[in-house]
Amino acid sequence: MKLLPQWGNAYECGELLAELATTALINEAELTPKPGLVDLNNSGAHNDLNIAMMRISAYTLRDSFSAMATIAYQQRPSQILREQLAGIGREAERLMMSATGGVNTHRGAIWALGLLTAGAAICPLNSSSTQIAAIAGGIARYSDRYAPTQDSNGTKVQRRFGVSGARGEAQNGFPHVIRVALPMLKSARRNGVKELHARLDTLLAIMSTLEDTCLLHRGGQVALELIQQTSRKILSVGGTSSSTGWDLLHQLDAELIERHISPSGCADLLAATLFLDSFENVC
């Protein structure tokens with residue numbers, strides 16, 4: 001069912017897209033079980049996070065997503081827009097940290113979903129996920145002259161392992177979302193897979209291919225290869241809807257918790273996938 005047949009104005013656009021982005025974050029957090037990640041069962045490999053904190057963080061970010069969509073409404077990708085969005089994003093991080101007591105719950109999601117909400121606000125309502133992601137990528141390719149100069153864990157990992165990270169994913173139009181995750185989600189549904197397993201299989205599809213800088217930071221190349229190989233194995237035996245796949249998923253969860261490894265970058269892209277999927281269904 002469509003919530004709005006067309007954008008009435010910038011405010012309505014911002015409100016709808018913010019609702020979709022916030023709901024995507026909640027749905028990602030509550031998807032259970034997710035290997036090494038916070039879910040309804042446990043805190044995964046995170047000693048400083050829990051499901052309540054993830055929900056609070058998501059709702060705290062709602063107004064920031066609305067502001068990003070509103071400022072991008074019917075604009076074009078440009079350096080000015082990129083820097084305006086970045087300013088809102090930094091304020092969103094400040095609000096997130098304030099709400100969580102200084103814990104980073106959604107920094108990567110602010111980047112990904114911020115760009116995608118802006119891309120959706122620029123595009124007509126009947127646009128495809130591919131079009132929205134391409135516009136978001138166009139925004140991401142502009143520089144931000146006011147960005148902090150200090151290195152993050154992500155940039156250090158990118159240099160050490162030669163991977164593109166979240167910035168490269170966005171600048172290339174979110175290929176893991178468009179070419180891997182959304183096709184998996186839609187294929188699973190067409191094959192009659194229940195929504196829970198369709199979303200878990202989608203997460204595994206991302207995990208099987210993404211060079212997740214969060215994983216590389218915590219566990220190096222060994223951790224990345226473990227997760228990619230195990231994710232492929234689960235999908236090869238029929239995914240999480242099969243008894244073997246379900247058992248392997250739980251085993252992977254236990255192993256990642258024990259090793260203190262979390263595929264947080266994959267979770268961010270799952271939230272991005274759920275956002276674009278909901279946009280297509282609503283708009």
# chains A, B, ... in the order shown; residues from 1 in each chain; ligands from 1
>>> select_by_dssp(residues="stretch 36-275 of chain A", states="alpha helix (DSSP H)", output="ChimeraX atom specification")
/A:51-60,62-72,79-100,107-122,129-140,153-161,165-171,175,182-190,195-207,213-236,243-259,264-275
>>> residues_around(residues="stretch 193-199 of chain A", least_positions_apart="3", cutoff="6 Å", atoms="only C-alpha atoms", output="PyMOL selection string")
chain A and resi 185+188-189+202+240-241
>>> closest_residue(among="A:Arg76, A:Asp277, A:Ala10, A:Asn42", to="A:Met184", atoms="only C-alpha atoms")
A:Asp277
>>> closest_residue(among="A:Gly89, A:Gly119, A:Gly114, A:Gly265", to="A:Ala166", atoms="only C-alpha atoms")
A:Gly265
>>> closest_residue(among="A:Tyr73, A:Gly168, A:Arg259, A:Leu252", to="A:Pro35", atoms="only C-alpha atoms")
A:Leu252
>>> atom_distance(atom1="atom CA of A:Asp268", atom2="atom CA of A:Ala92")
15.7 Å
>>> closest_residue(among="A:Val222, A:Ala24, A:Gln74, A:Leu40", to="A:Leu125", atoms="only C-alpha atoms")
A:Gln74
>>> closest_residue(among="A:Ala134, A:Ala21, A:Ala45, A:Ala140", to="A:Ala86", atoms="only C-alpha atoms")
A:Ala140
>>> closest_residue(among="A:Ile178, A:Ala147, A:Met207, A:Leu215", to="A:Leu274", atoms="only C-alpha atoms")
A:Ile178
>>> atom_distance(atom1="atom CA of A:Gly137", atom2="atom CA of A:Phe275")
15.8 Å
>>> residues_around(residues="stretch 55-62 of chain A", least_positions_apart="3", cutoff="10 Å", atoms="only C-alpha atoms", output="short mmCIF file (atom, residue, chain, number, x, y, z; two decimals) with N, CA, C and O atoms, in the first residue's frame")
data_model
loop_
_atom_site.label_atom_id
_atom_site.label_comp_id
_atom_site.auth_asym_id
_atom_site.auth_seq_id
_atom_site.Cartn_x
_atom_site.Cartn_y
_atom_site.Cartn_z
N GLY A 14 10.62 14.45 3.31
CA GLY A 14 11.53 14.19 4.43
C GLY A 14 10.92 13.29 5.47
O GLY A 14 11.59 12.37 5.99
N GLU A 15 9.66 13.50 5.79
CA GLU A 15 8.99 12.69 6.81
C GLU A 15 8.85 11.24 6.38
O GLU A 15 9.08 10.31 7.16
N LEU A 17 10.63 9.55 4.04
CA LEU A 17 11.92 8.88 3.91
C LEU A 17 12.57 8.65 5.27
O LEU A 17 13.23 7.64 5.48
N ALA A 18 12.39 9.58 6.20
CA ALA A 18 12.92 9.39 7.54
C ALA A 18 12.26 8.22 8.23
O ALA A 18 12.91 7.43 8.95
N GLU A 19 10.96 8.06 8.02
CA GLU A 19 10.24 6.93 8.60
C GLU A 19 10.76 5.61 8.01
O GLU A 19 10.98 4.64 8.74
N LEU A 20 10.98 5.59 6.70
CA LEU A 20 11.49 4.37 6.07
C LEU A 20 12.90 4.06 6.56
O LEU A 20 13.24 2.89 6.79
N ALA A 21 13.74 5.07 6.70
CA ALA A 21 15.12 4.85 7.15
C ALA A 21 15.16 4.36 8.59
O ALA A 21 15.89 3.42 8.92
N THR A 22 14.35 4.97 9.44
CA THR A 22 14.31 4.56 10.85
C THR A 22 13.78 3.14 10.98
O THR A 22 14.33 2.32 11.74
N THR A 23 12.74 2.84 10.25
CA THR A 23 12.17 1.48 10.28
C THR A 23 13.18 0.46 9.78
O THR A 23 13.28 -0.65 10.32
N ALA A 24 13.96 0.82 8.77
CA ALA A 24 14.99 -0.09 8.26
C ALA A 24 16.02 -0.40 9.33
O ALA A 24 16.46 -1.55 9.49
N LEU A 25 16.41 0.62 10.09
CA LEU A 25 17.37 0.40 11.18
C LEU A 25 16.79 -0.49 12.27
O LEU A 25 17.48 -1.38 12.79
N ILE A 26 15.54 -0.27 12.61
CA ILE A 26 14.89 -1.10 13.63
C ILE A 26 14.76 -2.55 13.14
O ILE A 26 15.05 -3.50 13.87
N ASN A 27 14.33 -2.71 11.90
CA ASN A 27 14.17 -4.06 11.35
C ASN A 27 15.50 -4.80 11.26
O ASN A 27 15.57 -6.01 11.52
N ALA A 29 18.11 -4.24 13.27
CA ALA A 29 18.53 -4.55 14.64
C ALA A 29 17.76 -5.74 15.21
O ALA A 29 18.33 -6.60 15.90
N GLU A 30 16.47 -5.82 14.90
CA GLU A 30 15.62 -6.86 15.50
C GLU A 30 15.67 -8.18 14.75
O GLU A 30 15.17 -9.19 15.26
N ASN A 50 23.33 -3.16 23.16
CA ASN A 50 22.20 -4.08 23.35
C ASN A 50 21.06 -3.60 22.45
O ASN A 50 21.13 -2.52 21.85
N ILE A 51 20.02 -4.40 22.37
CA ILE A 51 18.93 -4.08 21.45
C ILE A 51 18.21 -2.80 21.83
O ILE A 51 17.81 -2.02 20.96
N ALA A 52 18.08 -2.53 23.13
CA ALA A 52 17.41 -1.29 23.55
C ALA A 52 18.18 -0.07 23.08
O ALA A 52 17.60 0.92 22.61
N PHE A 65 17.68 12.14 9.40
CA PHE A 65 17.34 11.61 8.08
C PHE A 65 16.31 12.51 7.39
O PHE A 65 16.39 12.74 6.18
N SER A 66 15.36 12.99 8.15
CA SER A 66 14.36 13.90 7.59
C SER A 66 15.03 15.17 7.07
O SER A 66 14.70 15.66 5.97
N ALA A 67 15.97 15.70 7.84
CA ALA A 67 16.67 16.92 7.41
C ALA A 67 17.48 16.69 6.15
O ALA A 67 17.53 17.54 5.26
N GLY A 89 25.08 15.04 8.95
CA GLY A 89 25.57 13.75 9.41
C GLY A 89 26.43 13.86 10.65
O GLY A 89 26.31 13.02 11.56
N GLU A 91 26.24 16.20 12.91
CA GLU A 91 25.33 16.49 14.02
C GLU A 91 24.55 15.25 14.42
O GLU A 91 24.30 15.02 15.61
N ALA A 92 24.20 14.41 13.45
CA ALA A 92 23.52 13.15 13.74
C ALA A 92 24.42 12.25 14.60
O ALA A 92 23.95 11.60 15.55
N GLU A 93 25.70 12.20 14.29
CA GLU A 93 26.63 11.42 15.10
C GLU A 93 26.69 11.96 16.52
O GLU A 93 26.75 11.18 17.49
N LEU A 95 24.31 13.56 18.15
CA LEU A 95 23.07 13.18 18.81
C LEU A 95 23.08 11.69 19.18
O LEU A 95 22.62 11.31 20.26
N MET A 96 23.59 10.86 18.27
CA MET A 96 23.69 9.43 18.53
C MET A 96 24.56 9.16 19.75
O MET A 96 24.19 8.40 20.65
N MET A 97 25.74 9.78 19.78
CA MET A 97 26.66 9.58 20.89
C MET A 97 26.05 10.06 22.21
O MET A 97 26.25 9.45 23.26
N SER A 98 25.32 11.15 22.15
CA SER A 98 24.67 11.67 23.35
C SER A 98 23.61 10.71 23.86
O SER A 98 23.48 10.47 25.06
N ALA A 99 22.86 10.12 22.93
CA ALA A 99 21.77 9.21 23.31
C ALA A 99 22.29 7.88 23.83
O ALA A 99 21.62 7.21 24.63
N THR A 100 23.48 7.47 23.38
CA THR A 100 24.01 6.14 23.72
C THR A 100 25.11 6.19 24.77
O THR A 100 25.72 5.16 25.07
N VAL A 103 28.59 5.60 22.78
CA VAL A 103 28.79 4.36 22.04
C VAL A 103 28.40 4.55 20.57
O VAL A 103 27.33 5.10 20.28
N ASN A 104 29.25 4.09 19.67
CA ASN A 104 28.96 4.17 18.24
C ASN A 104 28.02 3.04 17.84
O ASN A 104 28.43 1.90 17.68
N THR A 105 26.77 3.36 17.67
CA THR A 105 25.77 2.37 17.27
C THR A 105 25.54 2.37 15.76
O THR A 105 25.35 1.32 15.16
N HIS A 106 25.53 3.55 15.14
CA HIS A 106 25.06 3.65 13.76
C HIS A 106 25.86 4.61 12.88
O HIS A 106 25.32 5.18 11.94
N ALA A 109 25.73 3.50 9.33
CA ALA A 109 24.38 3.60 8.80
C ALA A 109 24.00 5.05 8.51
O ALA A 109 23.24 5.32 7.57
N ILE A 110 24.51 5.98 9.30
CA ILE A 110 24.26 7.40 9.03
C ILE A 110 24.81 7.76 7.65
O ILE A 110 24.16 8.46 6.86
N GLY A 114 21.98 8.08 5.02
CA GLY A 114 21.92 9.51 4.74
C GLY A 114 22.02 9.78 3.25
O GLY A 114 21.25 10.56 2.68
#
>>> atom_distance(atom1="atom CA of A:Ile139", atom2="atom CA of A:Ile88")
14.3 Å
>>> residues_around(residues="A:Gln228", least_positions_apart="4", cutoff="9 Å", atoms="only C-alpha atoms", output="PyMOL selection string")
chain A and resi 204-211+223-224+232-233
>>> write_last_selection(atoms="C-alpha atoms", output="compact mmCIF listing (two decimals), in the first residue's frame")
# COMPACT_ATOMS: atom_id res chain seq x y z
CA LEU A 204 24.62 -13.79 4.46
CA ALA A 205 24.84 -12.85 0.79
CA ILE A 206 26.37 -9.52 1.79
CA MET A 207 28.69 -11.23 4.27
CA SER A 208 29.84 -13.69 1.60
CA THR A 209 31.14 -10.94 -0.68
CA LEU A 210 31.78 -7.69 1.22
CA GLU A 211 35.30 -6.79 2.35
CA ALA A 223 38.19 -13.36 10.16
CA LEU A 224 37.05 -12.05 6.78
CA ARG A 232 28.65 -19.19 1.27
CA LYS A 233 28.39 -22.63 2.82
>>> residues_around(residues="A:Ala112", least_positions_apart="3", cutoff="10 Å", atoms="only C-alpha atoms", output="PDB file with N, CA, C and O atoms, in the first residue's frame")
ATOM      1  N   HIS A 106      25.533   3.554  15.138  1.00  0.00           N
ATOM      2  CA  HIS A 106      25.056   3.652  13.763  1.00  0.00           C
ATOM      3  C   HIS A 106      25.862   4.615  12.884  1.00  0.00           C
ATOM      4  O   HIS A 106      25.321   5.178  11.936  1.00  0.00           O
ATOM      5  N   ARG A 107      27.157   4.784  13.156  1.00  0.00           N
ATOM      6  CA  ARG A 107      27.913   5.742  12.334  1.00  0.00           C
ATOM      7  C   ARG A 107      27.908   5.333  10.860  1.00  0.00           C
ATOM      8  O   ARG A 107      27.692   6.162   9.977  1.00  0.00           O
ATOM      9  N   GLY A 108      28.147   4.065  10.589  1.00  0.00           N
ATOM     10  CA  GLY A 108      28.141   3.605   9.205  1.00  0.00           C
ATOM     11  C   GLY A 108      26.783   3.726   8.557  1.00  0.00           C
ATOM     12  O   GLY A 108      26.667   4.040   7.363  1.00  0.00           O
ATOM     13  N   ALA A 109      25.729   3.497   9.334  1.00  0.00           N
ATOM     14  CA  ALA A 109      24.375   3.597   8.800  1.00  0.00           C
ATOM     15  C   ALA A 109      23.999   5.047   8.509  1.00  0.00           C
ATOM     16  O   ALA A 109      23.243   5.315   7.566  1.00  0.00           O
ATOM     17  N   LEU A 115      22.977   9.136   2.605  1.00  0.00           N
ATOM     18  CA  LEU A 115      23.133   9.309   1.163  1.00  0.00           C
ATOM     19  C   LEU A 115      21.926   8.773   0.400  1.00  0.00           C
ATOM     20  O   LEU A 115      21.467   9.384  -0.578  1.00  0.00           O
ATOM     21  N   LEU A 116      21.406   7.633   0.830  1.00  0.00           N
ATOM     22  CA  LEU A 116      20.281   7.026   0.110  1.00  0.00           C
ATOM     23  C   LEU A 116      18.982   7.808   0.316  1.00  0.00           C
ATOM     24  O   LEU A 116      18.173   7.907  -0.615  1.00  0.00           O
ATOM     25  N   THR A 117      18.770   8.362   1.505  1.00  0.00           N
ATOM     26  CA  THR A 117      17.579   9.201   1.686  1.00  0.00           C
ATOM     27  C   THR A 117      17.689  10.450   0.815  1.00  0.00           C
ATOM     28  O   THR A 117      16.700  10.893   0.218  1.00  0.00           O
ATOM     29  N   ALA A 133      20.418   4.620  -5.843  1.00  0.00           N
ATOM     30  CA  ALA A 133      21.785   4.333  -5.431  1.00  0.00           C
ATOM     31  C   ALA A 133      22.796   5.056  -6.315  1.00  0.00           C
ATOM     32  O   ALA A 133      23.847   5.505  -5.827  1.00  0.00           O
ATOM     33  N   ALA A 136      22.865   8.626  -5.157  1.00  0.00           N
ATOM     34  CA  ALA A 136      23.594   8.668  -3.888  1.00  0.00           C
ATOM     35  C   ALA A 136      25.096   8.566  -4.133  1.00  0.00           C
ATOM     36  O   ALA A 136      25.892   9.262  -3.486  1.00  0.00           O
ATOM     37  N   GLY A 137      25.483   7.699  -5.066  1.00  0.00           N
ATOM     38  CA  GLY A 137      26.894   7.571  -5.404  1.00  0.00           C
ATOM     39  C   GLY A 137      27.459   8.848  -5.990  1.00  0.00           C
ATOM     40  O   GLY A 137      28.600   9.231  -5.706  1.00  0.00           O
ATOM     41  N   ALA A 140      28.199  11.111  -3.159  1.00  0.00           N
ATOM     42  CA  ALA A 140      29.348  10.643  -2.375  1.00  0.00           C
ATOM     43  C   ALA A 140      30.680  10.940  -3.062  1.00  0.00           C
ATOM     44  O   ALA A 140      31.711  11.054  -2.386  1.00  0.00           O
ATOM     45  N   ALA A 166      33.458   1.714   3.248  1.00  0.00           N
ATOM     46  CA  ALA A 166      32.119   2.273   3.106  1.00  0.00           C
ATOM     47  C   ALA A 166      32.082   3.418   2.105  1.00  0.00           C
ATOM     48  O   ALA A 166      31.105   3.592   1.373  1.00  0.00           O
ATOM     49  N   ARG A 167      33.157   4.184   2.049  1.00  0.00           N
ATOM     50  CA  ARG A 167      33.193   5.297   1.090  1.00  0.00           C
ATOM     51  C   ARG A 167      33.187   4.780  -0.345  1.00  0.00           C
ATOM     52  O   ARG A 167      32.437   5.272  -1.190  1.00  0.00           O
ATOM     53  N   GLU A 169      32.087   1.878  -1.367  1.00  0.00           N
ATOM     54  CA  GLU A 169      30.785   1.265  -1.628  1.00  0.00           C
ATOM     55  C   GLU A 169      29.773   2.312  -2.058  1.00  0.00           C
ATOM     56  O   GLU A 169      29.035   2.125  -3.036  1.00  0.00           O
ATOM     57  N   ALA A 170      29.746   3.430  -1.352  1.00  0.00           N
ATOM     58  CA  ALA A 170      28.803   4.496  -1.693  1.00  0.00           C
ATOM     59  C   ALA A 170      29.156   5.141  -3.026  1.00  0.00           C
ATOM     60  O   ALA A 170      28.281   5.350  -3.881  1.00  0.00           O
ATOM     61  N   PHE A 174      26.641   1.691  -4.355  1.00  0.00           N
ATOM     62  CA  PHE A 174      26.212   0.599  -3.477  1.00  0.00           C
ATOM     63  C   PHE A 174      26.040  -0.730  -4.225  1.00  0.00           C
ATOM     64  O   PHE A 174      24.957  -1.321  -4.238  1.00  0.00           O
ATOM     65  N   ASP A 268      25.091  -2.601   8.213  1.00  0.00           N
ATOM     66  CA  ASP A 268      24.736  -1.296   7.644  1.00  0.00           C
ATOM     67  C   ASP A 268      24.160  -1.449   6.236  1.00  0.00           C
ATOM     68  O   ASP A 268      23.174  -0.788   5.881  1.00  0.00           O
ATOM     69  N   LEU A 269      24.753  -2.328   5.444  1.00  0.00           N
ATOM     70  CA  LEU A 269      24.262  -2.524   4.078  1.00  0.00           C
ATOM     71  C   LEU A 269      22.945  -3.290   4.059  1.00  0.00           C
ATOM     72  O   LEU A 269      22.136  -3.111   3.143  1.00  0.00           O
ATOM     73  N   ALA A 271      20.626  -2.784   6.338  1.00  0.00           N
ATOM     74  CA  ALA A 271      19.677  -1.700   6.609  1.00  0.00           C
ATOM     75  C   ALA A 271      19.429  -0.883   5.349  1.00  0.00           C
ATOM     76  O   ALA A 271      18.288  -0.502   5.052  1.00  0.00           O
ATOM     77  N   ALA A 272      20.491  -0.621   4.576  1.00  0.00           N
ATOM     78  CA  ALA A 272      20.331   0.106   3.317  1.00  0.00           C
ATOM     79  C   ALA A 272      19.455  -0.668   2.346  1.00  0.00           C
ATOM     80  O   ALA A 272      18.612  -0.094   1.641  1.00  0.00           O
TER      81      ALA A 272
END
>>> decode(residues="stretch 229-240 of chain A", atoms="all heavy atoms", output="PDB file, in the first residue's frame")
ATOM      1  N   GLN A 229      33.502 -17.578   3.781  1.00  0.00           N
ATOM      2  CA  GLN A 229      33.378 -18.998   3.450  1.00  0.00           C
ATOM      3  C   GLN A 229      32.183 -19.643   4.133  1.00  0.00           C
ATOM      4  O   GLN A 229      31.441 -20.422   3.510  1.00  0.00           O
ATOM      5  CB  GLN A 229      34.677 -19.725   3.829  1.00  0.00           C
ATOM      6  CG  GLN A 229      35.864 -19.346   2.966  1.00  0.00           C
ATOM      7  CD  GLN A 229      37.179 -19.900   3.491  1.00  0.00           C
ATOM      8  OE1 GLN A 229      37.204 -20.663   4.461  1.00  0.00           O
ATOM      9  NE2 GLN A 229      38.286 -19.524   2.861  1.00  0.00           N
ATOM     10  N   THR A 230      31.968 -19.310   5.419  1.00  0.00           N
ATOM     11  CA  THR A 230      30.842 -19.911   6.147  1.00  0.00           C
ATOM     12  C   THR A 230      29.514 -19.409   5.610  1.00  0.00           C
ATOM     13  O   THR A 230      28.553 -20.176   5.492  1.00  0.00           O
ATOM     14  CB  THR A 230      30.955 -19.617   7.649  1.00  0.00           C
ATOM     15  OG1 THR A 230      32.242 -20.012   8.125  1.00  0.00           O
ATOM     16  CG2 THR A 230      29.883 -20.360   8.423  1.00  0.00           C
ATOM     17  N   SER A 231      29.451 -18.137   5.259  1.00  0.00           N
ATOM     18  CA  SER A 231      28.224 -17.586   4.685  1.00  0.00           C
ATOM     19  C   SER A 231      27.880 -18.275   3.374  1.00  0.00           C
ATOM     20  O   SER A 231      26.716 -18.630   3.120  1.00  0.00           O
ATOM     21  CB  SER A 231      28.366 -16.079   4.469  1.00  0.00           C
ATOM     22  OG  SER A 231      28.576 -15.402   5.689  1.00  0.00           O
ATOM     23  N   ARG A 232      28.889 -18.485   2.535  1.00  0.00           N
ATOM     24  CA  ARG A 232      28.654 -19.186   1.266  1.00  0.00           C
ATOM     25  C   ARG A 232      28.188 -20.624   1.519  1.00  0.00           C
ATOM     26  O   ARG A 232      27.321 -21.137   0.804  1.00  0.00           O
ATOM     27  CB  ARG A 232      29.930 -19.187   0.430  1.00  0.00           C
ATOM     28  CG  ARG A 232      30.350 -17.814  -0.079  1.00  0.00           C
ATOM     29  CD  ARG A 232      31.558 -17.905  -0.995  1.00  0.00           C
ATOM     30  NE  ARG A 232      32.095 -16.579  -1.288  1.00  0.00           N
ATOM     31  CZ  ARG A 232      33.308 -16.170  -0.963  1.00  0.00           C
ATOM     32  NH1 ARG A 232      34.135 -16.981  -0.347  1.00  0.00           N
ATOM     33  NH2 ARG A 232      33.705 -14.951  -1.272  1.00  0.00           N
ATOM     34  N   LYS A 233      28.769 -21.259   2.521  1.00  0.00           N
ATOM     35  CA  LYS A 233      28.385 -22.633   2.824  1.00  0.00           C
ATOM     36  C   LYS A 233      26.925 -22.707   3.260  1.00  0.00           C
ATOM     37  O   LYS A 233      26.176 -23.596   2.821  1.00  0.00           O
ATOM     38  CB  LYS A 233      29.288 -23.207   3.923  1.00  0.00           C
ATOM     39  CG  LYS A 233      28.990 -24.656   4.255  1.00  0.00           C
ATOM     40  CD  LYS A 233      29.973 -25.199   5.285  1.00  0.00           C
ATOM     41  CE  LYS A 233      29.683 -26.666   5.607  1.00  0.00           C
ATOM     42  NZ  LYS A 233      30.640 -27.206   6.610  1.00  0.00           N
ATOM     43  N   ILE A 234      26.502 -21.781   4.112  1.00  0.00           N
ATOM     44  CA  ILE A 234      25.108 -21.776   4.575  1.00  0.00           C
ATOM     45  C   ILE A 234      24.163 -21.592   3.398  1.00  0.00           C
ATOM     46  O   ILE A 234      23.144 -22.281   3.273  1.00  0.00           O
ATOM     47  CB  ILE A 234      24.889 -20.676   5.626  1.00  0.00           C
ATOM     48  CG1 ILE A 234      25.701 -20.970   6.890  1.00  0.00           C
ATOM     49  CG2 ILE A 234      23.399 -20.555   5.982  1.00  0.00           C
ATOM     50  CD1 ILE A 234      25.718 -19.836   7.897  1.00  0.00           C
ATOM     51  N   LEU A 235      24.495 -20.673   2.517  1.00  0.00           N
ATOM     52  CA  LEU A 235      23.644 -20.440   1.347  1.00  0.00           C
ATOM     53  C   LEU A 235      23.643 -21.648   0.413  1.00  0.00           C
ATOM     54  O   LEU A 235      22.615 -21.966  -0.192  1.00  0.00           O
ATOM     55  CB  LEU A 235      24.124 -19.190   0.602  1.00  0.00           C
ATOM     56  CG  LEU A 235      23.940 -17.856   1.350  1.00  0.00           C
ATOM     57  CD1 LEU A 235      24.607 -16.720   0.596  1.00  0.00           C
ATOM     58  CD2 LEU A 235      22.466 -17.556   1.575  1.00  0.00           C
ATOM     59  N   SER A 236      24.772 -22.347   0.329  1.00  0.00           N
ATOM     60  CA  SER A 236      24.871 -23.485  -0.584  1.00  0.00           C
ATOM     61  C   SER A 236      24.042 -24.688  -0.147  1.00  0.00           C
ATOM     62  O   SER A 236      23.685 -25.529  -0.970  1.00  0.00           O
ATOM     63  CB  SER A 236      26.333 -23.911  -0.748  1.00  0.00           C
ATOM     64  OG  SER A 236      26.816 -24.556   0.422  1.00  0.00           O
ATOM     65  N   VAL A 237      23.744 -24.773   1.155  1.00  0.00           N
ATOM     66  CA  VAL A 237      22.951 -25.903   1.658  1.00  0.00           C
ATOM     67  C   VAL A 237      21.462 -25.565   1.743  1.00  0.00           C
ATOM     68  O   VAL A 237      20.674 -26.315   2.319  1.00  0.00           O
ATOM     69  CB  VAL A 237      23.458 -26.376   3.040  1.00  0.00           C
ATOM     70  CG1 VAL A 237      24.886 -26.861   2.946  1.00  0.00           C
ATOM     71  CG2 VAL A 237      23.301 -25.293   4.101  1.00  0.00           C
ATOM     72  N   GLY A 238      21.079 -24.427   1.152  1.00  0.00           N
ATOM     73  CA  GLY A 238      19.671 -24.054   1.138  1.00  0.00           C
ATOM     74  C   GLY A 238      19.329 -22.843   1.970  1.00  0.00           C
ATOM     75  O   GLY A 238      18.155 -22.496   2.125  1.00  0.00           O
ATOM     76  N   GLY A 239      20.345 -22.198   2.523  1.00  0.00           N
ATOM     77  CA  GLY A 239      20.101 -20.997   3.309  1.00  0.00           C
ATOM     78  C   GLY A 239      19.591 -21.297   4.695  1.00  0.00           C
ATOM     79  O   GLY A 239      19.561 -22.447   5.152  1.00  0.00           O
ATOM     80  N   THR A 240      19.170 -20.260   5.384  1.00  0.00           N
ATOM     81  CA  THR A 240      18.766 -20.394   6.786  1.00  0.00           C
ATOM     82  C   THR A 240      17.420 -21.084   6.960  1.00  0.00           C
ATOM     83  O   THR A 240      17.059 -21.455   8.074  1.00  0.00           O
ATOM     84  CB  THR A 240      18.714 -19.021   7.461  1.00  0.00           C
ATOM     85  OG1 THR A 240      17.756 -18.185   6.775  1.00  0.00           O
ATOM     86  CG2 THR A 240      20.074 -18.352   7.430  1.00  0.00           C
TER      87      THR A 240
END
